[in-house]
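Structure data (compact mmCIF, C-alpha atoms) from query-v6.txt:
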# COMPACT_ATOMS: atom_id res chain seq x y z
CA MET U 1 32.02 -29.79 75.63
CA MET U 2 33.61 -27.06 73.52
CA LEU U 3 35.73 -27.93 70.49
CA ASP U 4 39.34 -27.64 71.47
CA GLU U 5 41.98 -25.94 69.31
CA GLN U 6 43.12 -29.18 67.68
CA GLN U 7 39.61 -30.31 66.83
CA LEU U 8 38.81 -26.95 65.34
CA GLN U 9 41.93 -27.07 63.19
CA LYS U 10 41.01 -30.55 61.95
CA LEU U 11 37.57 -29.30 61.06
CA LEU U 12 38.99 -26.34 59.20
CA GLN U 13 41.36 -28.63 57.31
CA LEU U 14 38.29 -30.33 55.85
CA LYS U 15 37.76 -27.24 53.80
CA ARG U 16 40.83 -28.20 51.77
CA PHE U 17 38.65 -30.80 50.13
CA GLU U 18 36.22 -28.25 48.79
CA GLN U 19 37.39 -28.22 45.21
CA PRO U 20 35.94 -26.86 41.99
CA PRO U 21 34.84 -29.46 39.41
CA PRO U 22 37.58 -31.32 37.48
CA GLY U 23 38.91 -29.37 34.49
CA TYR U 24 37.86 -26.08 36.05
CA PHE U 25 41.32 -24.52 35.99
CA ASP U 26 41.90 -25.33 32.31
CA ARG U 27 38.57 -23.78 31.40
CA ALA U 28 39.35 -20.78 33.58
CA LEU U 29 42.70 -20.36 31.81
CA ASN U 30 40.91 -20.34 28.43
CA GLU U 31 38.53 -17.74 29.79
CA PHE U 32 41.51 -15.72 31.03
CA HIS U 33 43.05 -15.80 27.52
CA ARG U 34 39.75 -14.77 25.97
CA ARG U 35 39.40 -11.81 28.31
CA GLN U 36 42.99 -10.77 27.70
CA ARG U 37 42.42 -10.76 23.92
CA GLU U 38 39.18 -8.84 24.34
CA GLU U 39 40.90 -6.28 26.53
CA LEU U 40 43.70 -5.84 24.00
CA LEU U 41 41.19 -5.20 21.23
CA ARG U 42 39.20 -2.80 23.33
CA ARG U 43 42.07 -0.65 24.52
CA SER U 44 44.20 1.60 22.37
CA ALA U 45 47.93 1.00 22.09
CA PHE U 46 48.52 4.23 24.01
CA GLN U 47 46.43 3.02 26.95
CA ILE U 48 48.34 -0.26 27.09
CA TRP U 49 51.66 1.54 26.88
CA PHE U 50 50.61 4.06 29.52
CA GLU U 51 49.45 1.34 31.92
CA ARG U 52 52.73 -0.50 31.63
CA PHE U 53 54.66 2.74 31.98
CA ALA U 54 52.67 3.74 35.08
CA SER U 55 53.20 0.31 36.56
CA GLY U 56 56.94 0.69 36.01
CA VAL U 57 57.00 4.19 37.49
CA TRP U 58 55.14 3.18 40.65
CA SER U 59 57.50 0.32 41.24
CA PHE U 60 60.56 2.53 40.59
CA ARG U 61 62.71 2.92 43.67
CA VAL U 62 65.20 5.78 43.97
CA PRO U 63 68.60 4.26 44.79
CA THR U 64 69.86 5.29 48.25
CA TYR U 65 73.07 6.77 46.86
CA ALA U 66 71.00 9.23 44.78
CA TYR U 67 69.97 11.08 47.95
CA GLY U 68 73.64 11.52 48.88
CA ALA U 69 74.53 12.66 45.39
CA ALA U 70 71.69 15.22 45.37
CA PHE U 71 72.79 16.59 48.74
CA ALA U 72 76.42 16.81 47.59
CA ALA U 73 75.34 18.72 44.46
CA PHE U 74 73.32 21.11 46.61
CA VAL U 75 76.26 21.74 48.96
CA ALA U 76 78.61 22.35 46.00
CA ALA U 77 76.18 24.80 44.39
CA ALA U 78 75.63 26.61 47.70
CA THR U 79 79.41 26.87 48.26
CA ILE U 80 80.08 28.31 44.79
CA ILE U 81 77.29 30.87 44.99
CA GLY U 82 77.92 31.73 48.64
CA SER U 83 81.66 32.32 48.12
CA GLY U 84 80.95 34.85 45.36
CA ALA U 85 82.98 32.95 42.80
CA TRP U 86 79.98 33.12 40.53
CA ALA U 87 77.96 36.36 40.56
CA PRO U 88 75.22 36.44 37.95
CA PHE U 89 74.37 40.16 38.47
CA THR U 90 77.76 41.66 37.61
CA GLN U 91 77.20 41.74 33.86
CA THR U 92 73.90 43.58 34.06
CA VAL U 93 75.27 46.37 36.25
CA GLU U 94 78.30 46.86 34.11
CA THR U 95 76.13 47.08 31.03
CA ALA U 96 74.02 49.77 32.62
CA SER U 97 77.07 51.78 33.58
CA ASP U 98 78.20 51.77 29.96
CA LEU U 99 75.13 53.66 28.80
CA PRO U 100 75.66 57.19 27.57
CA GLY U 101 74.80 59.69 30.24
CA VAL U 102 74.75 57.11 32.95
CA ALA U 103 78.36 56.27 33.66
CA SER U 104 79.08 59.79 34.86
CA THR U 105 76.18 59.75 37.31
CA PRO U 106 77.33 59.25 40.93
CA GLY U 107 74.38 56.93 41.65
CA VAL U 108 75.48 54.49 39.00
CA ARG U 109 79.03 54.37 40.27
CA GLU U 110 77.60 53.52 43.64
CA VAL U 111 75.48 50.79 42.06
CA ALA U 112 78.47 49.37 40.28
CA GLY U 113 80.34 49.21 43.56
CA ASN U 114 77.60 47.61 45.61
CA LYS U 115 75.97 45.48 42.93
CA LEU U 116 72.41 45.71 44.23
CA ALA U 117 72.49 49.09 45.95
CA LEU U 118 70.04 51.78 44.89
CA SER U 119 70.52 55.47 44.69
CA GLY U 120 68.11 58.37 44.55
CA ASN U 121 70.60 60.55 42.64
CA LEU U 122 70.06 58.95 39.25
CA ASP U 123 68.74 61.14 36.47
CA TRP U 124 65.85 58.93 35.43
CA SER U 125 64.80 61.10 32.51
CA LYS U 126 67.96 59.99 30.71
CA PHE U 127 67.09 56.40 31.22
CA TYR U 128 63.57 56.74 29.89
CA HIS U 129 64.51 58.55 26.71
CA SER U 130 67.58 56.58 25.86
CA PRO U 131 66.94 54.76 22.59
CA ALA U 132 70.10 52.72 22.95
CA SER U 133 68.99 50.01 25.32
CA PRO U 134 65.47 50.28 26.58
CA ARG U 135 65.53 46.90 28.30
CA VAL U 136 68.71 47.21 30.36
CA VAL U 137 67.56 50.15 32.45
CA PRO U 138 66.79 49.37 36.11
CA THR U 139 63.08 49.27 36.63
CA LEU U 140 63.07 50.83 40.11
CA ARG U 141 61.87 54.34 40.53
CA PRO U 142 63.81 56.80 42.68
CA SER U 143 61.56 56.43 45.71
CA GLN U 144 63.64 53.30 46.52
CA THR U 145 60.71 51.69 48.27
CA ALA U 146 58.11 50.46 45.85
CA LEU U 147 58.71 47.81 43.25
CA PRO U 148 57.00 48.36 39.91
CA ARG U 149 54.28 45.85 39.33
CA TYR U 150 53.92 46.33 35.59
CA VAL U 151 56.82 47.11 33.27
CA LEU U 152 56.35 47.67 29.56
CA ASP U 153 59.38 47.89 27.33
CA GLY U 154 61.63 48.58 30.28
CA ARG U 155 59.47 51.40 31.59
CA PRO U 156 57.47 51.02 34.81
CA VAL U 157 53.84 51.83 34.16
CA SER U 158 52.23 50.94 37.48
CA TYR U 159 53.25 50.48 41.07
CA GLU U 160 49.91 49.19 42.17
CA ALA U 161 49.73 45.69 43.51
CA SER U 162 48.11 43.29 41.07
CA PHE U 163 45.62 42.27 43.73
CA SER U 164 44.87 43.03 47.34
CA PHE U 165 43.59 41.03 50.26
CA MET C 1 53.41 -30.35 32.80
CA ASP C 2 53.63 -31.49 36.42
CA ASP C 3 54.19 -28.74 38.99
CA GLN C 4 57.47 -30.31 40.10
CA ASN C 5 58.85 -30.14 36.55
CA LEU C 6 58.03 -26.48 36.07
CA PRO C 7 60.90 -23.98 35.89
CA ASP C 8 61.39 -21.89 39.03
CA ASP C 9 59.30 -18.78 39.55
CA GLU C 10 62.15 -16.38 38.92
CA THR C 11 62.73 -17.81 35.44
CA LEU C 12 59.02 -17.83 34.62
CA VAL C 13 58.62 -14.23 35.77
CA ARG C 14 61.62 -13.09 33.72
CA GLN C 15 60.30 -14.87 30.63
CA THR C 16 56.87 -13.28 31.14
CA GLN C 17 58.50 -9.87 31.48
CA ASP C 18 60.23 -10.57 28.17
CA GLY C 19 56.82 -11.14 26.57
CA ASP C 20 56.54 -14.94 26.74
CA THR C 21 52.85 -15.50 27.51
CA ARG C 22 53.36 -19.28 27.85
CA ALA C 23 55.55 -18.65 30.87
CA PHE C 24 52.65 -16.82 32.49
CA ASP C 25 50.39 -19.79 31.71
CA LEU C 26 52.80 -21.95 33.70
CA LEU C 27 52.58 -19.51 36.61
CA TRP C 28 48.82 -19.83 36.31
CA GLN C 29 49.07 -23.60 36.36
CA LYS C 30 51.24 -23.46 39.47
CA TYR C 31 49.32 -20.92 41.52
CA SER C 32 45.71 -20.79 40.37
CA PRO C 33 44.50 -23.69 42.60
CA ARG C 34 45.98 -22.12 45.73
CA ILE C 35 44.74 -18.65 44.84
CA TYR C 36 41.32 -20.04 44.02
CA ALA C 37 41.12 -21.83 47.39
CA LEU C 38 42.16 -18.64 49.16
CA ILE C 39 39.49 -16.58 47.41
CA TYR C 40 36.82 -19.22 47.75
CA ASN C 41 37.34 -19.59 51.48
CA MET C 42 37.16 -15.83 51.90
CA THR C 43 34.06 -15.34 49.73
CA ALA C 44 32.28 -18.73 50.09
CA ASN C 45 30.98 -18.31 46.57
CA HIS C 46 32.18 -20.09 43.46
CA ASP C 47 31.08 -17.43 40.97
CA ASP C 48 32.76 -14.66 42.93
CA ALA C 49 35.87 -16.80 43.36
CA ASN C 50 35.94 -17.46 39.61
CA ASP C 51 35.61 -13.77 38.68
CA LEU C 52 38.17 -12.69 41.24
CA LEU C 53 40.65 -15.37 40.16
CA LEU C 54 40.56 -14.03 36.59
CA GLU C 55 40.83 -10.43 37.75
CA ILE C 56 43.73 -11.18 40.07
CA PHE C 57 45.73 -12.92 37.36
CA ALA C 58 44.89 -10.15 34.90
CA LYS C 59 46.19 -7.58 37.38
CA ALA C 60 49.30 -9.67 38.03
CA TYR C 61 49.92 -9.91 34.28
CA ARG C 62 49.56 -6.16 33.81
CA SER C 63 51.84 -5.38 36.75
CA ILE C 64 54.46 -8.06 36.26
CA ASN C 65 56.88 -5.64 34.59
CA GLY C 66 57.00 -3.78 37.89
CA PHE C 67 57.82 -6.93 39.85
CA ARG C 68 61.45 -6.57 40.96
CA GLY C 69 61.76 -9.81 42.92
CA LYS C 70 62.14 -8.18 46.35
CA SER C 71 59.66 -10.77 47.60
CA SER C 72 58.91 -14.15 46.06
CA PHE C 73 56.32 -14.35 43.29
CA TYR C 74 54.32 -16.57 45.65
CA THR C 75 54.13 -13.79 48.27
CA TRP C 76 53.52 -11.12 45.64
CA ILE C 77 50.55 -12.80 43.96
CA HIS C 78 49.06 -13.85 47.30
CA ALA C 79 49.28 -10.23 48.46
CA ILE C 80 47.43 -9.10 45.31
CA ALA C 81 44.83 -11.82 45.85
CA VAL C 82 44.23 -11.04 49.52
CA ASN C 83 43.99 -7.29 48.97
CA MET C 84 41.62 -7.60 46.01
CA THR C 85 39.46 -10.13 47.83
CA ILE C 86 39.28 -8.02 50.99
CA ASN C 87 38.23 -5.00 48.90
CA PHE C 88 35.67 -7.09 47.06
CA VAL C 89 34.15 -8.55 50.25
CA LYS C 90 33.97 -5.12 51.88
CA LYS C 91 32.16 -3.72 48.85
CA ARG C 92 29.83 -6.69 48.66
CA GLY C 93 28.90 -6.46 52.34
CA ARG C 94 27.52 -9.46 54.14
CA ARG C 95 25.62 -10.91 51.18
CA PHE C 96 26.94 -14.32 50.32
CA GLN C 97 25.68 -17.67 49.24
CA MET C 98 27.13 -21.13 49.46
CA SER C 99 27.64 -22.72 46.11
CA LEU C 100 30.48 -25.14 46.63
CA ASP C 101 29.38 -27.03 49.68
CA ASP C 102 29.75 -30.48 48.19
CA LEU C 103 32.95 -32.27 48.91
CA ASP C 104 34.87 -33.71 46.02
CA ALA C 105 33.40 -37.12 45.22
CA ASN C 106 36.80 -38.83 45.49
CA VAL C 107 37.56 -37.31 48.83
CA GLN C 108 35.94 -40.13 50.81
CA ASN C 109 38.92 -42.33 49.87
CA ASP C 110 41.52 -39.73 50.70
CA LYS C 111 43.76 -40.86 53.58
CA GLU C 112 43.96 -37.40 55.10
CA PHE C 113 40.19 -37.09 54.95
CA ILE C 114 39.71 -40.47 56.62
CA ASP C 115 42.08 -39.45 59.40
CA LEU C 116 40.29 -36.17 59.87
CA THR C 117 36.89 -37.80 60.14
CA ALA C 118 37.96 -40.76 62.26
CA PRO C 119 35.33 -41.99 64.77
CA ASN C 120 37.08 -40.41 67.75
CA THR C 121 36.84 -36.91 66.31
CA PRO C 122 33.85 -34.67 67.01
CA ILE C 123 33.33 -34.37 63.27
CA ARG C 124 31.69 -37.82 63.18
CA GLU C 125 29.12 -36.78 65.74
CA VAL C 126 27.13 -34.65 63.35
CA ASP C 127 26.20 -34.89 59.74
CA LEU C 128 29.30 -33.92 57.82
CA ALA C 129 27.57 -31.85 55.17
CA GLU C 130 25.63 -29.96 57.79
CA LEU C 131 28.75 -29.33 59.83
CA GLN C 132 30.53 -28.13 56.76
CA GLN C 133 27.75 -25.70 55.99
CA ARG C 134 27.80 -24.53 59.58
CA LEU C 135 31.54 -24.06 59.40
CA ASN C 136 31.17 -21.95 56.28
CA GLU C 137 28.56 -19.84 58.02
CA ALA C 138 30.81 -19.45 61.03
CA MET C 139 33.68 -18.42 58.77
CA MET C 140 31.51 -15.78 57.14
CA LYS C 141 30.73 -14.30 60.53
CA LEU C 142 34.38 -13.47 60.99
CA SER C 143 35.67 -10.17 59.72
CA VAL C 144 37.32 -10.50 56.32
CA GLU C 145 40.76 -9.81 57.82
CA HIS C 146 40.33 -12.63 60.37
CA ARG C 147 38.96 -14.93 57.67
CA ALA C 148 42.03 -14.27 55.54
CA VAL C 149 44.33 -15.30 58.38
CA VAL C 150 42.33 -18.44 59.21
CA THR C 151 42.23 -19.43 55.53
CA MET C 152 45.96 -19.04 55.05
CA PHE C 153 47.00 -20.65 58.34
CA ASP C 154 44.46 -23.38 59.08
CA ILE C 155 43.25 -24.28 55.61
CA GLN C 156 46.28 -23.61 53.45
CA GLY C 157 48.89 -24.39 56.10
CA MET C 158 51.04 -21.28 55.61
CA PRO C 159 53.47 -20.33 58.39
CA HIS C 160 52.87 -17.18 60.44
CA ALA C 161 55.89 -15.41 58.93
CA GLU C 162 54.63 -15.90 55.37
CA ILE C 163 51.15 -14.63 56.28
CA ALA C 164 52.70 -11.59 57.94
CA LYS C 165 54.66 -10.83 54.75
CA ILE C 166 51.59 -11.23 52.54
CA LEU C 167 49.42 -9.01 54.70
CA GLY C 168 52.20 -6.55 55.54
CA ILE C 169 51.56 -6.81 59.28
CA PRO C 170 53.70 -8.00 62.22
CA GLU C 171 53.75 -11.68 63.05
CA ALA C 172 52.33 -10.91 66.48
CA THR C 173 49.25 -9.42 64.84
CA VAL C 174 48.81 -12.58 62.78
CA ARG C 175 48.93 -14.67 65.97
CA SER C 176 46.48 -12.45 67.80
CA ARG C 177 44.05 -12.46 64.87
CA LEU C 178 44.25 -16.23 64.74
CA PHE C 179 43.63 -16.53 68.46
CA TYR C 180 40.60 -14.26 68.29
CA ALA C 181 39.21 -15.96 65.17
CA HIS C 182 39.58 -19.43 66.71
CA ARG C 183 37.71 -18.34 69.80
CA GLN C 184 34.91 -16.94 67.68
CA LEU C 185 34.68 -20.09 65.54
CA GLN C 186 34.66 -22.30 68.62
CA ASN C 187 31.75 -20.31 70.01
CA TYR C 188 29.74 -20.45 66.79
CA LEU C 189 30.27 -24.19 66.35
CA GLU C 190 29.49 -24.89 69.99
CA GLU C 191 26.10 -23.24 69.55
CA PHE C 192 25.48 -25.56 66.63
CA ARG C 193 26.45 -28.67 68.61
CA LYS C 194 24.01 -27.75 71.37
CA LYS C 195 21.07 -27.56 68.94
Could you quickly redo this structure as structure tokens?
Amino acid sequence: MMLDEQQLQKLLQLKRFEQPPPGYFDRALNEFHRRQREELLRRSAFQIWFERFASGVWSFRVPTYAYGAAFAAFVAAATIIGSGAWAPFTQTVETASDLPGVASTPGVREVAGNKLALSGNLDWSKFYHSPASPRVVPTLRPSQTALPRYVLDGRPVSYEASFSF
Amino acid sequence: MDDQNLPDDETLVRQTQDGDTRAFDLLWQKYSPRIYALIYNMTANHDDANDLLLEIFAKAYRSINGFRGKSSFYTWIHAIAVNMTINFVKKRGRRFQMSLDDLDANVQNDKEFIDLTAPNTPIREVDLAELQQRLNEAMMKLSVEHRAVVTMFDIQGMPHAEIAKILGIPEATVRSRLFYAHRQLQNYLEEFRKK
């Protein structure tokens, strides 16, 4: 006859009586203290601090409202930039148009109007030799197609790609 | 201090987090016997159970600052114990040895023990020590996950819901593991009874 469920459970309950010798847990606690002291002596203060810090970081939970706040901040930033209320490029173009010999050039006026537009009518020799502001000059060459890869002191020196596939 | 007179877990955990090592000693006093029994019944080896018990409490002590009280300390430390023991048993493989087969000497007078081994139970039919050894062997034939569930439910008397929380699995999985493990144990012990 096979052991039924109840008999099996009674048999398993017998294992509750398998106990370590009396006084075992007190001795084990002393051993635990000894190991803790040993570990403290072995490890540097930085290691201990780092372990506790890492333990705190892993258990850190981002509050749910933080996701909402981050999204709201993103939407606000996107709205401000998208509406044109804040245009970071305006200052640069205006500065370029103030350069001697540049303001009168039709290409620059066009640039000033369109912010990021390019023109092939610029007299680039004036840009290169202008000692006034070597860093403000646009670093695009008149071909309007290739971006300079290497620029030294405001002057494009190479249009080659830095690497190729 | 008697377990009933100990402060509640929440207080002890907070005091430990504030650097009071005596509070952690009280948590040790409260939970080490249960954790030891859990490990022992999963490893069937006193030396391994001893080493693991110390490692588990050391890990709990190191991580206690990260304990936020989303579960009870009881569930938290049992989860650490079960996970570390499962990892240990998987690394160790099937090698094991019995080292704690002897029942406590005083157990023969224990009322619960007398009830369990009453003449009308099948336990009386065979030599108790031999049956116990056979039961340990049968337990070790179970996978470590099934052994964990049997230990917590049948030996330690935990409810299904608590086991599910500790293992991080659905309650239905706990029930199905128990069902499967019981069937396996019944088969192993039946073979023994036929010999």
- Using all atoms listed in the file, determine which residues lie at most 9 Å from Leu185 in chain C, disregarding the query and same-chain residues fewer than 5 positions distant; provide the list as a list in words. Leu8 of chain U; Leu135, Ala138, Met139, Lys141, Leu142, Tyr180 and Glu190 of chain C
- From the set U:Leu40, U:Ala73, U:Ala87, U:Leu11, which residue has the shortest atom-to-atom contact distance to chain C, counting only C-alpha atoms? U:Leu11
- Message: Between CA of Glu5 in chain U and CA of Ala79 in chain C, what distance in Å does the model show, to one decimal?
- Response: 27.1 Å
- Task: Grab the CA of Gly69 in chain C to CA of Asp8 in chain C distance for me, in Å with one decimal place.
- Result: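 So the answer is 12.7 Å.
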- Task: Can you check which residues of chain U have any atom within 9 Å of chain C? Use all atoms listed in the file and format it as a PyMOL selection string.
- Result: chain U and resi 1-5+7-21+25-26+28-29+31-32+35-36+51-52+55-60
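One distance worth recording is that between CA of Phe24 in chain C and CA of Pro22 in chain U, which is 21.5 Å.
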